[in-house]
>>> print(open('entry_36.tsv').read())   # TSV, C-alpha atoms and all ligand atoms
chain	number	residue	atom	x	y	z
A	1	MET	CA	11.11	2.96	-11.26
A	2	ALA	CA	10.15	0.88	-14.26
A	3	LYS	CA	8.70	-2.58	-14.23
A	4	THR	CA	11.43	-5.12	-15.00
A	5	MET	CA	11.32	-8.83	-15.78
A	6	THR	CA	14.93	-9.98	-15.92
A	7	SER	CA	15.53	-13.04	-18.01
A	8	ALA	CA	17.51	-15.91	-16.56
A	9	ALA	CA	17.44	-18.30	-19.46
A	10	PRO	CA	20.00	-21.08	-19.03
A	11	GLY	CA	23.27	-20.05	-20.56
A	12	LYS	CA	22.84	-16.36	-19.78
A	13	LEU	CA	24.61	-15.14	-16.66
A	14	GLU	CA	23.99	-11.63	-15.35
A	15	ARG	CA	25.89	-11.93	-12.06
A	16	HIS	CA	25.26	-8.41	-10.68
A	17	GLY	CA	28.70	-8.29	-9.06
A	18	LEU	CA	28.34	-11.60	-7.19
A	19	THR	CA	31.45	-13.78	-6.86
A	20	ASP	CA	31.54	-17.46	-7.84
A	21	GLU	CA	31.48	-18.32	-4.15
A	22	GLN	CA	28.32	-16.26	-3.61
A	23	LEU	CA	26.65	-17.85	-6.64
A	24	ARG	CA	27.42	-21.30	-5.22
A	25	ALA	CA	26.12	-20.22	-1.80
A	26	ILE	CA	22.83	-19.14	-3.42
A	27	PHE	CA	22.53	-22.51	-5.14
A	28	ARG	CA	23.35	-24.42	-1.96
A	29	ASN	CA	20.66	-22.47	-0.14
A	30	MET	CA	18.15	-23.41	-2.87
A	31	LEU	CA	19.10	-27.10	-2.60
A	32	MET	CA	18.90	-27.00	1.20
A	33	GLN	CA	15.51	-25.33	1.07
A	34	ARG	CA	14.13	-28.05	-1.14
A	35	GLN	CA	15.68	-30.84	0.89
A	36	LEU	CA	14.38	-29.50	4.21
A	37	ASP	CA	10.97	-28.81	2.68
A	38	ASN	CA	10.65	-32.37	1.50
A	39	ARG	CA	11.89	-33.66	4.83
A	40	GLY	CA	9.19	-31.68	6.62
A	41	PHE	CA	6.46	-33.22	4.46
A	42	GLN	CA	7.96	-36.72	4.92
A	43	LEU	CA	8.14	-36.35	8.70
A	44	ASN	CA	4.54	-35.19	8.76
A	45	ARG	CA	3.39	-38.18	6.69
A	46	GLN	CA	5.37	-40.47	9.03
A	47	GLY	CA	3.38	-39.00	11.92
A	48	LYS	CA	6.49	-37.54	13.55
A	49	ILE	CA	5.55	-33.86	13.33
A	50	PRO	CA	2.08	-32.30	13.30
A	51	PHE	CA	2.52	-29.82	10.47
A	52	ALA	CA	4.88	-28.55	7.78
A	53	LEU	CA	4.85	-25.79	5.19
A	54	GLY	CA	6.52	-25.94	1.80
A	55	SER	CA	8.49	-23.18	0.16
A	56	GLU	CA	9.01	-25.14	-3.08
A	57	GLY	CA	8.93	-22.65	-5.95
A	58	HIS	CA	10.18	-19.84	-3.66
A	59	GLU	CA	13.82	-21.01	-3.60
A	60	ALA	CA	15.17	-18.43	-6.04
A	61	ILE	CA	13.35	-15.44	-4.61
A	62	GLN	CA	14.39	-16.29	-1.05
A	63	ALA	CA	18.01	-17.24	-1.76
A	64	GLY	CA	18.46	-14.13	-3.92
A	65	ALA	CA	16.85	-11.78	-1.38
A	66	ALA	CA	18.89	-13.27	1.48
A	67	MET	CA	22.08	-12.40	-0.41
A	68	ALA	CA	21.01	-8.73	-0.35
A	69	PHE	CA	20.56	-8.78	3.44
A	70	ASP	CA	23.37	-7.29	5.51
A	71	ARG	CA	23.89	-9.71	8.42
A	72	GLY	CA	24.41	-8.07	11.77
A	73	LYS	CA	22.82	-4.81	10.60
A	74	ASP	CA	19.52	-5.38	8.78
A	75	VAL	CA	16.32	-6.73	10.31
A	76	LEU	CA	14.20	-9.44	8.69
A	77	ALA	CA	10.46	-9.60	9.34
A	78	PRO	CA	9.58	-12.79	7.46
A	79	TYR	CA	6.36	-14.67	6.81
A	80	TYR	CA	5.72	-18.34	7.38
A	81	ARG	CA	6.97	-19.53	3.97
A	82	ASP	CA	10.46	-18.02	4.33
A	83	LEU	CA	12.61	-21.06	5.06
A	84	GLY	CA	15.18	-20.00	2.43
A	85	LEU	CA	15.42	-16.45	3.71
A	86	ALA	CA	16.02	-17.76	7.21
A	87	LEU	CA	18.71	-20.16	5.97
A	88	GLY	CA	20.25	-17.49	3.77
A	89	ILE	CA	20.82	-15.11	6.68
A	90	GLY	CA	22.31	-17.73	8.98
A	91	PHE	CA	19.58	-19.95	10.46
A	92	THR	CA	20.83	-23.56	10.50
A	93	PRO	CA	19.16	-26.80	9.35
A	94	LEU	CA	19.36	-28.03	12.96
A	95	GLU	CA	17.46	-24.94	14.14
A	96	VAL	CA	14.83	-25.67	11.46
A	97	MET	CA	14.48	-29.25	12.68
A	98	LEU	CA	14.25	-28.20	16.33
A	99	SER	CA	11.27	-26.09	15.34
A	100	LEU	CA	9.63	-28.86	13.31
A	101	PHE	CA	10.07	-31.39	16.11
A	102	ALA	CA	9.07	-28.75	18.73
A	103	ARG	CA	11.98	-29.69	20.97
A	104	ALA	CA	12.94	-27.80	24.13
A	105	ALA	CA	16.16	-26.55	22.52
A	106	ASP	CA	14.15	-24.64	19.89
A	107	HIS	CA	14.44	-20.84	20.28
A	108	ASN	CA	10.76	-20.71	21.24
A	109	GLY	CA	11.14	-23.66	23.60
A	110	GLY	CA	9.10	-25.85	21.26
A	111	ARG	CA	5.97	-23.75	21.84
A	112	GLN	CA	5.58	-22.15	18.41
A	113	PHE	CA	3.81	-23.61	15.42
A	114	PRO	CA	6.32	-25.73	13.41
A	115	ASN	CA	8.06	-23.73	10.67
A	116	HIS	CA	7.62	-20.53	12.69
A	117	TYR	CA	11.16	-19.61	13.66
A	118	SER	CA	12.74	-16.61	15.27
A	119	SER	CA	16.32	-15.72	16.07
A	120	ARG	CA	17.61	-12.64	17.79
A	121	ARG	CA	21.15	-13.78	16.88
A	122	ILE	CA	20.59	-13.19	13.16
A	123	GLY	CA	18.12	-10.29	13.39
A	124	MET	CA	15.06	-12.32	12.44
A	125	MET	CA	11.72	-11.46	14.03
A	126	SER	CA	9.27	-14.21	14.92
A	127	PHE	CA	7.31	-15.72	12.01
A	128	SER	CA	3.61	-15.03	12.31
A	129	SER	CA	0.67	-17.18	11.25
A	130	ILE	CA	-1.58	-14.15	11.32
A	131	LEU	CA	-1.43	-12.70	7.84
A	132	ALA	CA	0.15	-9.22	7.71
A	133	ALA	CA	0.80	-9.11	11.49
A	134	GLN	CA	4.53	-8.85	10.79
A	135	ILE	CA	4.13	-5.80	8.56
A	136	PRO	CA	3.26	-3.12	11.17
A	137	HIS	CA	5.97	-4.68	13.39
A	138	ALA	CA	8.47	-4.30	10.56
A	139	VAL	CA	7.41	-0.71	9.97
A	140	GLY	CA	7.83	-0.08	13.72
A	141	ALA	CA	11.38	-1.46	13.54
A	142	ALA	CA	12.10	0.76	10.54
A	143	TYR	CA	10.69	3.75	12.44
A	144	ALA	CA	13.02	2.94	15.37
A	145	ILE	CA	16.04	2.76	13.03
A	146	LYS	CA	15.18	6.17	11.62
A	147	TYR	CA	14.35	7.66	15.03
A	148	ARG	CA	17.71	6.53	16.40
A	149	LYS	CA	19.47	7.80	13.27
A	150	GLU	CA	21.03	4.38	12.58
A	151	ALA	CA	21.80	5.00	8.92
A	152	GLY	CA	23.15	1.96	7.10
A	153	ARG	CA	20.45	-0.35	8.44
A	154	ALA	CA	17.18	-1.39	6.82
A	155	VAL	CA	14.23	-3.74	7.37
A	156	LEU	CA	13.19	-6.41	4.88
A	157	VAL	CA	9.58	-7.52	5.28
A	158	THR	CA	7.98	-10.27	3.20
A	159	PHE	CA	4.45	-11.53	2.48
A	160	GLY	CA	2.40	-13.40	-0.11
A	161	GLU	CA	0.17	-11.61	-2.60
A	162	GLY	CA	-2.96	-12.72	-0.71
A	163	THR	CA	-1.74	-10.79	2.32
A	164	THR	CA	-1.87	-7.53	0.39
A	165	SER	CA	-5.67	-7.62	0.90
A	166	GLU	CA	-5.23	-7.12	4.64
A	167	GLY	CA	-5.84	-3.67	6.13
A	168	GLU	CA	-2.50	-3.69	7.96
A	169	TRP	CA	-0.71	-4.04	4.64
A	170	HIS	CA	-2.21	-0.79	3.33
A	171	GLU	CA	-1.77	1.09	6.60
A	172	SER	CA	1.85	-0.01	6.83
A	173	LEU	CA	2.78	1.05	3.31
A	174	ASN	CA	1.12	4.41	3.82
A	175	PHE	CA	2.87	5.03	7.15
A	176	ALA	CA	6.25	3.95	5.76
A	177	ALA	CA	5.87	6.28	2.77
A	178	VAL	CA	4.73	9.28	4.87
A	179	HIS	CA	7.74	8.89	7.20
A	180	ALA	CA	10.22	7.83	4.45
A	181	LEU	CA	11.20	4.76	6.49
A	182	PRO	CA	14.15	2.45	5.72
A	183	ILE	CA	12.14	-0.60	4.68
A	184	VAL	CA	11.65	-2.88	1.69
A	185	PHE	CA	8.28	-4.56	1.17
A	186	LEU	CA	8.91	-7.83	-0.70
A	187	CYS	CA	5.86	-9.60	-2.12
A	188	GLU	CA	6.46	-13.27	-2.97
A	189	ASN	CA	3.66	-13.68	-5.49
A	190	ASN	CA	3.08	-17.43	-5.87
A	191	GLN	CA	-0.33	-16.81	-7.45
A	192	TRP	CA	-2.36	-18.70	-4.84
A	193	ALA	CA	-3.55	-17.84	-1.34
A	194	ILE	CA	-4.40	-21.38	-0.22
A	195	SER	CA	-7.33	-21.99	-2.63
A	196	THR	CA	-7.82	-18.37	-3.76
A	197	PRO	CA	-6.23	-17.45	-7.10
A	198	VAL	CA	-5.01	-13.93	-7.84
A	199	ASP	CA	-8.05	-13.00	-9.99
A	200	LYS	CA	-10.37	-13.64	-7.03
A	201	GLN	CA	-8.04	-11.78	-4.64
A	202	MET	CA	-7.60	-8.37	-6.27
A	203	GLY	CA	-8.93	-6.14	-9.03
A	204	GLN	CA	-5.43	-4.95	-9.91
A	205	PRO	CA	-3.48	-8.20	-10.24
A	206	GLU	CA	-0.05	-6.52	-10.30
A	207	VAL	CA	0.82	-5.79	-6.68
A	208	TRP	CA	3.83	-3.59	-7.56
A	209	LYS	CA	1.54	-1.10	-9.33
A	210	ARG	CA	0.03	-0.13	-5.97
A	211	GLY	CA	3.36	1.42	-4.96
A	212	ALA	CA	2.50	4.53	-7.01
A	213	GLY	CA	-0.67	4.96	-4.95
A	214	TYR	CA	1.41	5.25	-1.79
A	215	GLY	CA	4.07	7.41	-3.38
A	216	MET	CA	6.89	4.88	-3.30
A	217	PRO	CA	8.99	3.33	-6.06
A	218	ALA	CA	7.96	-0.17	-7.04
A	219	GLU	CA	9.27	-2.91	-9.26
A	220	ARG	CA	8.27	-6.39	-10.40
A	221	PHE	CA	10.78	-9.10	-11.27
A	222	ASP	CA	11.17	-12.76	-12.20
A	223	GLY	CA	11.13	-14.52	-8.82
A	224	PHE	CA	12.30	-17.77	-10.43
A	225	ASP	CA	15.63	-16.04	-11.03
A	226	PRO	CA	17.78	-15.64	-7.88
A	227	LEU	CA	20.08	-13.12	-9.54
A	228	ALA	CA	17.28	-10.86	-10.80
A	229	THR	CA	15.87	-11.02	-7.27
A	230	TYR	CA	19.22	-10.12	-5.75
A	231	ASP	CA	19.61	-7.17	-8.07
A	232	VAL	CA	16.17	-5.71	-7.33
A	233	VAL	CA	16.22	-6.33	-3.55
A	234	ARG	CA	19.80	-5.09	-3.19
A	235	ARG	CA	19.01	-1.79	-4.92
A	236	ALA	CA	15.89	-1.34	-2.78
A	237	MET	CA	17.77	-2.18	0.46
A	238	GLU	CA	20.58	0.22	-0.44
A	239	ARG	CA	18.03	2.93	-1.08
A	240	ALA	CA	16.48	2.25	2.33
A	241	ARG	CA	19.86	2.13	4.12
A	242	SER	CA	20.89	5.46	2.65
A	243	CYS	CA	17.73	7.26	3.87
A	244	GLY	CA	16.02	7.07	0.45
A	245	GLY	CA	12.77	5.68	1.87
A	246	PRO	CA	10.68	2.56	1.28
A	247	THR	CA	10.28	0.45	-1.88
A	248	LEU	CA	7.68	-2.14	-2.87
A	249	VAL	CA	9.06	-5.07	-4.89
A	250	GLU	CA	7.15	-8.05	-6.26
A	251	GLY	CA	8.75	-11.34	-7.31
A	252	MET	CA	6.70	-13.65	-9.49
A	253	CYS	CA	6.98	-17.31	-8.51
A	254	TYR	CA	4.69	-20.30	-8.01
A	255	ARG	CA	3.79	-22.59	-5.11
A	256	PHE	CA	4.51	-26.13	-6.32
A	257	LEU	CA	3.22	-27.98	-3.25
A	258	SER	CA	-0.05	-27.71	-1.37
A	259	HIS	CA	-0.31	-24.68	0.91
A	260	SER	CA	0.75	-26.89	3.83
A	261	THR	CA	0.53	-30.52	4.91
A	262	ASP	CA	-3.09	-29.75	5.92
A	263	ASP	CA	-4.62	-29.22	2.46
A	264	ASP	CA	-4.76	-31.01	-0.89
A	265	ASP	CA	-4.20	-28.67	-3.83
A	266	ARG	CA	-5.88	-31.10	-6.24
A	267	THR	CA	-9.21	-29.86	-4.87
A	268	TYR	CA	-8.74	-26.31	-6.19
A	269	ARG	CA	-6.24	-26.31	-9.09
A	270	THR	CA	-5.39	-28.58	-11.98
A	271	LYS	CA	-2.38	-30.85	-12.27
A	272	GLU	CA	-1.79	-29.35	-15.74
A	273	GLU	CA	-1.33	-25.89	-14.24
A	274	VAL	CA	1.18	-27.18	-11.69
A	275	ASP	CA	3.05	-29.19	-14.36
A	276	ARG	CA	3.18	-26.14	-16.64
A	277	ASN	CA	4.83	-24.09	-13.90
A	278	ARG	CA	7.17	-26.94	-12.93
A	279	GLN	CA	8.76	-26.64	-16.35
A	280	HIS	CA	10.30	-23.38	-15.07
A	281	ASP	CA	11.41	-24.89	-11.74
A	282	PRO	CA	14.05	-22.43	-10.46
A	283	VAL	CA	16.32	-25.09	-8.92
A	284	PRO	CA	17.28	-27.09	-12.05
A	285	ARG	CA	17.17	-23.83	-14.01
A	286	PHE	CA	19.84	-22.19	-11.83
A	287	GLU	CA	21.84	-25.42	-11.83
A	288	ARG	CA	21.97	-25.26	-15.65
A	289	VAL	CA	23.06	-21.60	-15.51
A	290	LEU	CA	25.94	-22.45	-13.14
A	291	VAL	CA	27.11	-25.48	-15.10
A	292	GLU	CA	26.85	-23.79	-18.50
A	293	ASN	CA	28.87	-20.86	-17.20
A	294	ALA	CA	31.51	-23.13	-15.64
A	295	ILE	CA	30.80	-21.88	-12.12
A	296	MET	CA	30.25	-25.52	-11.13
A	297	THR	CA	30.88	-28.85	-12.84
A	298	ALA	CA	28.26	-31.60	-12.89
A	299	ALA	CA	30.44	-33.42	-10.33
A	300	ASP	CA	30.44	-30.34	-8.06
A	301	VAL	CA	26.65	-30.21	-8.23
A	302	ASP	CA	26.39	-33.89	-7.42
A	303	SER	CA	28.71	-33.58	-4.44
A	304	MET	CA	26.83	-30.48	-3.15
A	305	LYS	CA	23.52	-32.37	-3.36
A	306	LYS	CA	24.98	-35.28	-1.38
A	307	ASP	CA	26.39	-32.88	1.19
A	308	VAL	CA	23.01	-31.14	1.61
A	309	LEU	CA	21.29	-34.50	2.08
A	310	ARG	CA	23.91	-35.55	4.65
A	311	GLU	CA	23.44	-32.31	6.59
A	312	THR	CA	19.65	-32.67	6.47
A	313	ASN	CA	19.84	-36.25	7.75
A	314	ALA	CA	22.22	-35.30	10.55
A	315	ALA	CA	20.00	-32.36	11.61
A	316	THR	CA	16.90	-34.57	11.52
A	317	ASP	CA	18.50	-37.27	13.68
A	318	GLU	CA	20.00	-34.81	16.14
A	319	ALA	CA	16.75	-32.88	16.67
A	320	GLU	CA	14.61	-36.02	16.90
A	321	ALA	CA	16.82	-37.43	19.67
A	322	LEU	CA	16.44	-34.32	21.86
A	323	PRO	CA	13.73	-33.99	24.54
A	324	TYR	CA	10.54	-31.93	24.60
A	325	ALA	CA	10.25	-29.17	27.17
A	326	PRO	CA	9.23	-30.70	30.53
A	327	PRO	CA	5.51	-30.38	31.39
A	328	SER	CA	6.51	-28.31	34.44
A	329	GLU	CA	7.57	-25.54	32.01
A	330	LEU	CA	4.25	-25.39	30.20
A	331	TYR	CA	3.52	-21.87	31.39
A	332	THR	CA	7.10	-20.55	31.38
A	333	ASN	CA	7.14	-17.20	29.53
A	334	VAL	CA	3.34	-17.31	29.33
A	335	TYR	CA	2.39	-16.10	32.81
A	336	GLU	CA	4.61	-13.92	34.95
A	337	GLY	CA	6.12	-15.42	38.10
A	338	ALA	CA	5.14	-18.78	39.55
A	339	TYR	CA	1.45	-18.39	38.67
A	340	GLU	CA	-0.26	-21.49	37.34
A	341	PRO	CA	-3.75	-21.08	35.86
A	342	TRP	CA	-5.34	-23.91	37.86
A	343	GLN	CA	-4.24	-22.49	41.23
A	401	LIG	C1	-5.57	-12.71	9.33
A	401	LIG	C2	-5.59	-14.10	8.73
A	401	LIG	N1	-6.59	-14.42	7.88
A	401	LIG	C3	-6.62	-15.65	7.32
A	401	LIG	C4	-5.65	-16.57	7.60
A	401	LIG	C5	-5.71	-17.96	6.98
A	401	LIG	N2	-4.66	-18.07	5.95
A	401	LIG	C6	-3.47	-18.62	6.23
A	401	LIG	S1	-2.44	-18.60	4.93
A	401	LIG	C7	-3.59	-17.85	3.95
A	401	LIG	C8	-3.25	-17.52	2.52
A	401	LIG	C9	-2.18	-16.48	2.39
A	401	LIG	O1	-1.78	-16.35	1.05
A	401	LIG	P1	-0.58	-15.46	0.63
A	401	LIG	O2	-0.50	-14.22	1.44
A	401	LIG	O3	-0.65	-15.27	-0.85
A	401	LIG	O4	0.70	-16.32	1.00
A	401	LIG	P2	1.09	-17.81	0.56
A	401	LIG	O5	0.59	-18.71	1.65
A	401	LIG	O6	0.44	-18.08	-0.76
A	401	LIG	O7	2.56	-17.85	0.47
A	401	LIG	C10	-4.78	-17.65	4.64
A	401	LIG	C11	-6.00	-17.03	4.05
A	401	LIG	C12	-4.64	-16.19	8.50
A	401	LIG	N3	-3.64	-17.02	8.81
A	401	LIG	N4	-4.61	-14.95	9.03
>>> encode(input="entry_36.tsv", output="structure tokens", more="lines below")
Ligand SMILES: Cc1ncc(C[n+]2csc(CCOP(=O)(O)OP(=O)(O)O)c2C)c(N)n1
Amino acid sequence: MAKTMTSAAPGKLERHGLTDEQLRAIFRNMLMQRQLDNRGFQLNRQGKIPFALGSEGHEAIQAGAAMAFDRGKDVLAPYYRDLGLALGIGFTPLEVMLSLFARAADHNGGRQFPNHYSSRRIGMMSFSSILAAQIPHAVGAAYAIKYRKEAGRAVLVTFGEGTTSEGEWHESLNFAAVHALPIVFLCENNQWAISTPVDKQMGQPEVWKRGAGYGMPAERFDGFDPLATYDVVRRAMERARSCGGPTLVEGMCYRFLSHSTDDDDRTYRTKEEVDRNRQHDPVPRFERVLVENAIMTAADVDSMKKDVLRETNAATDEAEALPYAPPSELYTNVYEGAYEPWQ
């Protein structure tokens, strides 16, 4: 498969079969991602939550990839920056807030790291903080799908480019290729791994090129363009679902915020570099595409933004008002039975 960089210059609409409604859903996801991201950082600075991660700059790649996911059939093995993928396959803003506030009603009972969701309901495995830990799990799920002959299902696994230096990444790609598993490896290349830039991470800076070494098709695309992302991920998922084997795809994007609320990116990269990349911000860029192609009017965009803010505020207030898990449940699902470590 050839390397492709699909252009999404404002004014040009390559819709890849998506309806107007689906295009608007992608845009709403991108707006919601950004709103929730900013809310997480605000809540952290207000001292209300201990930690938040930003996916700013990943909106297009995640909203586009989520549109290629078949809900109820496919399995998502995400990484910690995948807010938009989670939202795009059916996770709700309230569920996001329950995780950030670590409330008892959270799927993990408020015990996971904030921003680390999971949901059996929508086929989403638990987010991992351990780089690449999700990748052998995803390959295992793909192996199970093949073993049970469940054609029509596939696994989508995601990771940053820094994670491709981990041993599990290489072992997983090799195993998936040998067994022709139904899986898509999606690299969200935001060009930084906390403070490590790509040129200090790898000798071959184009992750997709490693696909050839494992004997699987690979493709690189413009990850600031949700429709180019959709096109590439959809083709790869269809290939996986129809027993065609694994694919490695790499979306080029940029991390606009610090790695998390725990670091300050001004200590390792210049403001000029961030500003330069901001000029290609995928959110206003896709807004222009939709307005110029009469998919939405400026008034529609304005009303959608207000609606997203309203929903974010309501989810924030609702989650904040809910209780933490009671101390008596500290060891629930940690130790079997009534055992308590101090006994
Ligand atoms: C096994 C392991 N090693 C190191 C870390 C610390 N760590 C957390 S995030 C990160 C950078 C990962 O970068 P990348 O995979 O490019 O994803 P990004 O955060 O840029 O989206 C590192 C080194 C970790 N969590 N797990």
>>> residues_around(input="entry_36.tsv", residues="stretch 71-82 of chain A", least_positions_apart="2", cutoff="7 Å", atoms="only C-alpha atoms", output="PDB file with C-alpha atoms, keeping the file's coordinate frame")
ATOM      1  CA  LEU A  53       4.850 -25.790   5.190  1.00  0.00           C
ATOM      2  CA  GLY A  54       6.520 -25.940   1.800  1.00  0.00           C
ATOM      3  CA  SER A  55       8.490 -23.180   0.160  1.00  0.00           C
ATOM      4  CA  GLN A  62      14.390 -16.290  -1.050  1.00  0.00           C
ATOM      5  CA  PHE A  69      20.560  -8.780   3.440  1.00  0.00           C
ATOM      6  CA  GLY A  84      15.180 -20.000   2.430  1.00  0.00           C
ATOM      7  CA  LEU A  85      15.420 -16.450   3.710  1.00  0.00           C
ATOM      8  CA  ALA A  86      16.020 -17.760   7.210  1.00  0.00           C
ATOM      9  CA  ILE A  89      20.820 -15.110   6.680  1.00  0.00           C
ATOM     10  CA  ASN A 115       8.060 -23.730  10.670  1.00  0.00           C
ATOM     11  CA  HIS A 116       7.620 -20.530  12.690  1.00  0.00           C
ATOM     12  CA  ILE A 122      20.590 -13.190  13.160  1.00  0.00           C
ATOM     13  CA  GLY A 123      18.120 -10.290  13.390  1.00  0.00           C
ATOM     14  CA  MET A 124      15.060 -12.320  12.440  1.00  0.00           C
ATOM     15  CA  MET A 125      11.720 -11.460  14.030  1.00  0.00           C
ATOM     16  CA  PHE A 127       7.310 -15.720  12.010  1.00  0.00           C
ATOM     17  CA  SER A 128       3.610 -15.030  12.310  1.00  0.00           C
ATOM     18  CA  SER A 129       0.670 -17.180  11.250  1.00  0.00           C
ATOM     19  CA  GLN A 134       4.530  -8.850  10.790  1.00  0.00           C
ATOM     20  CA  ALA A 138       8.470  -4.300  10.560  1.00  0.00           C
ATOM     21  CA  ARG A 153      20.450  -0.350   8.440  1.00  0.00           C
ATOM     22  CA  ALA A 154      17.180  -1.390   6.820  1.00  0.00           C
ATOM     23  CA  VAL A 155      14.230  -3.740   7.370  1.00  0.00           C
ATOM     24  CA  LEU A 156      13.190  -6.410   4.880  1.00  0.00           C
ATOM     25  CA  VAL A 157       9.580  -7.520   5.280  1.00  0.00           C
ATOM     26  CA  THR A 158       7.980 -10.270   3.200  1.00  0.00           C
ATOM     27  CA  PHE A 159       4.450 -11.530   2.480  1.00  0.00           C
TER      28      PHE A 159
END
>>> residues_near_ligand(input="entry_36.tsv", ligand="ligand LIG 401 (chain A)", cutoff="8 Å", atoms="all atoms listed in the file", output="MDAnalysis selection string")
chainID A and resid 55 80:81 129:133 159:164 166 188:196 255 259
>>> write_last_selection(input="entry_36.tsv", atoms="C-alpha atoms", output="tab-separated table (two decimals), in the frame of the given file")
chain	number	residue	atom	x	y	z
A	55	SER	CA	8.49	-23.18	0.16
A	80	TYR	CA	5.72	-18.34	7.38
A	81	ARG	CA	6.97	-19.53	3.97
A	129	SER	CA	0.67	-17.18	11.25
A	130	ILE	CA	-1.58	-14.15	11.32
A	131	LEU	CA	-1.43	-12.70	7.84
A	132	ALA	CA	0.15	-9.22	7.71
A	133	ALA	CA	0.80	-9.11	11.49
A	159	PHE	CA	4.45	-11.53	2.48
A	160	GLY	CA	2.40	-13.40	-0.11
A	161	GLU	CA	0.17	-11.61	-2.60
A	162	GLY	CA	-2.96	-12.72	-0.71
A	163	THR	CA	-1.74	-10.79	2.32
A	164	THR	CA	-1.87	-7.53	0.39
A	166	GLU	CA	-5.23	-7.12	4.64
A	188	GLU	CA	6.46	-13.27	-2.97
A	189	ASN	CA	3.66	-13.68	-5.49
A	190	ASN	CA	3.08	-17.43	-5.87
A	191	GLN	CA	-0.33	-16.81	-7.45
A	192	TRP	CA	-2.36	-18.70	-4.84
A	193	ALA	CA	-3.55	-17.84	-1.34
A	194	ILE	CA	-4.40	-21.38	-0.22
A	195	SER	CA	-7.33	-21.99	-2.63
A	196	THR	CA	-7.82	-18.37	-3.76
A	255	ARG	CA	3.79	-22.59	-5.11
A	259	HIS	CA	-0.31	-24.68	0.91
>>> closest_residue(input="entry_36.tsv", among="A:Leu227, A:Val178, A:Ala315, A:Leu83", to="A:Leu13", atoms="all atoms listed in the file")
A:Leu227
>>> atom_distance(input="entry_36.tsv", atom1="atom CA of A:Ala180", atom2="atom CA of A:Ile135")
15.5 Å
>>> closest_atom_pairs(input="entry_36.tsv", of="stretch 229-304 of chain A", to="stretch 202-224 of chain A", cutoff="6 Å", atoms="all atoms listed in the file", output="CSV")
residue,atom,partner,partner_atom,distance
A:Thr247,CA,A:Pro217,CA,5.2
A:Leu248,CA,A:Ala218,CA,4.6
A:Val249,CA,A:Glu219,CA,4.9
A:Glu250,CA,A:Arg220,CA,4.6
A:Gly251,CA,A:Gly223,CA,4.2
A:Met252,CA,A:Gly223,CA,4.6
A:Cys253,CA,A:Gly223,CA,5.0
A:Pro282,CA,A:Phe224,CA,5.0
>>> write_last_selection(input="entry_36.tsv", atoms="C-alpha atoms", output="PDB file, in the coordinates of the input")
ATOM      1  CA  THR A 247      10.280   0.450  -1.880  1.00  0.00           C
ATOM      2  CA  LEU A 248       7.680  -2.140  -2.870  1.00  0.00           C
ATOM      3  CA  VAL A 249       9.060  -5.070  -4.890  1.00  0.00           C
ATOM      4  CA  GLU A 250       7.150  -8.050  -6.260  1.00  0.00           C
ATOM      5  CA  GLY A 251       8.750 -11.340  -7.310  1.00  0.00           C
ATOM      6  CA  MET A 252       6.700 -13.650  -9.490  1.00  0.00           C
ATOM      7  CA  CYS A 253       6.980 -17.310  -8.510  1.00  0.00           C
ATOM      8  CA  PRO A 282      14.050 -22.430 -10.460  1.00  0.00           C
TER       9      PRO A 282
END
>>> atom_distance(input="entry_36.tsv", atom1="atom CA of A:Val283", atom2="atom CA of A:Met237")
24.8 Å
>>> closest_residue(input="entry_36.tsv", among="A:His16, A:Arg34, A:Arg121, A:His58", to="A:Gly90", atoms="only C-alpha atoms")
A:Arg121
>>> residues_around(input="entry_36.tsv", residues="stretch 96-109 of chain A", least_positions_apart="4", cutoff="8 Å", atoms="all atoms listed in the file", output="list of chain:residue names")
A:Gly40, A:Lys48, A:Ile49, A:Phe51, A:Ala52, A:Phe91, A:Thr92, A:Phe113, A:Pro114, A:Asn115, A:His116, A:Tyr117, A:Ser118, A:Ser119, A:Ala315, A:Thr316, A:Ala319, A:Glu320, A:Leu322, A:Pro323, A:Tyr324, A:Ala325, A:Pro326
>>> closest_residue(input="entry_36.tsv", among="A:Gly88, A:Gly57, A:Gly47, A:Gly17", to="A:Met32", atoms="all atoms listed in the file")
A:Gly88
>>> atom_distance(input="entry_36.tsv", atom1="atom CA of A:Arg24", atom2="atom CA of A:Ile295")
7.7 Å
>>> residues_around(input="entry_36.tsv", residues="A:Ala294", least_positions_apart="3", cutoff="12 Å", atoms="all atoms listed in the file", output="ChimeraX atom specification")
/A:11-13,20,23-24,287-291,297-301
>>> closest_residue(input="entry_36.tsv", among="A:Thr332, A:Pro182, A:Gln42, A:Leu309", to="A:Ser242", atoms="all atoms listed in the file")
A:Pro182
>>> closest_residue(input="entry_36.tsv", among="A:Asn44, A:Thr229, A:His137, A:Leu94", to="A:Glu171", atoms="all atoms listed in the file")
A:His137
>>> decode(input="entry_36.tsv", residues="stretch 42-55 of chain A", atoms="C-alpha atoms", output="short mmCIF file (atom, residue, chain, number, x, y, z; two decimals), in the first residue's frame")
data_model
loop_
_atom_site.label_atom_id
_atom_site.label_comp_id
_atom_site.auth_asym_id
_atom_site.auth_seq_id
_atom_site.Cartn_x
_atom_site.Cartn_y
_atom_site.Cartn_z
CA GLN A 42 -9.41 23.80 34.51
CA LEU A 43 -10.63 21.38 37.18
CA ASN A 44 -7.06 20.36 37.88
CA ARG A 45 -5.93 23.98 38.26
CA GLN A 46 -8.91 24.58 40.58
CA GLY A 47 -7.63 21.74 42.74
CA LYS A 48 -10.74 19.63 42.15
CA ILE A 49 -9.10 16.71 40.37
CA PRO A 50 -5.55 15.40 40.74
CA PHE A 51 -4.64 14.93 37.09
CA ALA A 52 -5.82 15.40 33.51
CA LEU A 53 -4.49 14.56 30.07
CA GLY A 54 -5.08 16.60 26.94
CA SER A 55 -5.92 15.25 23.52
#
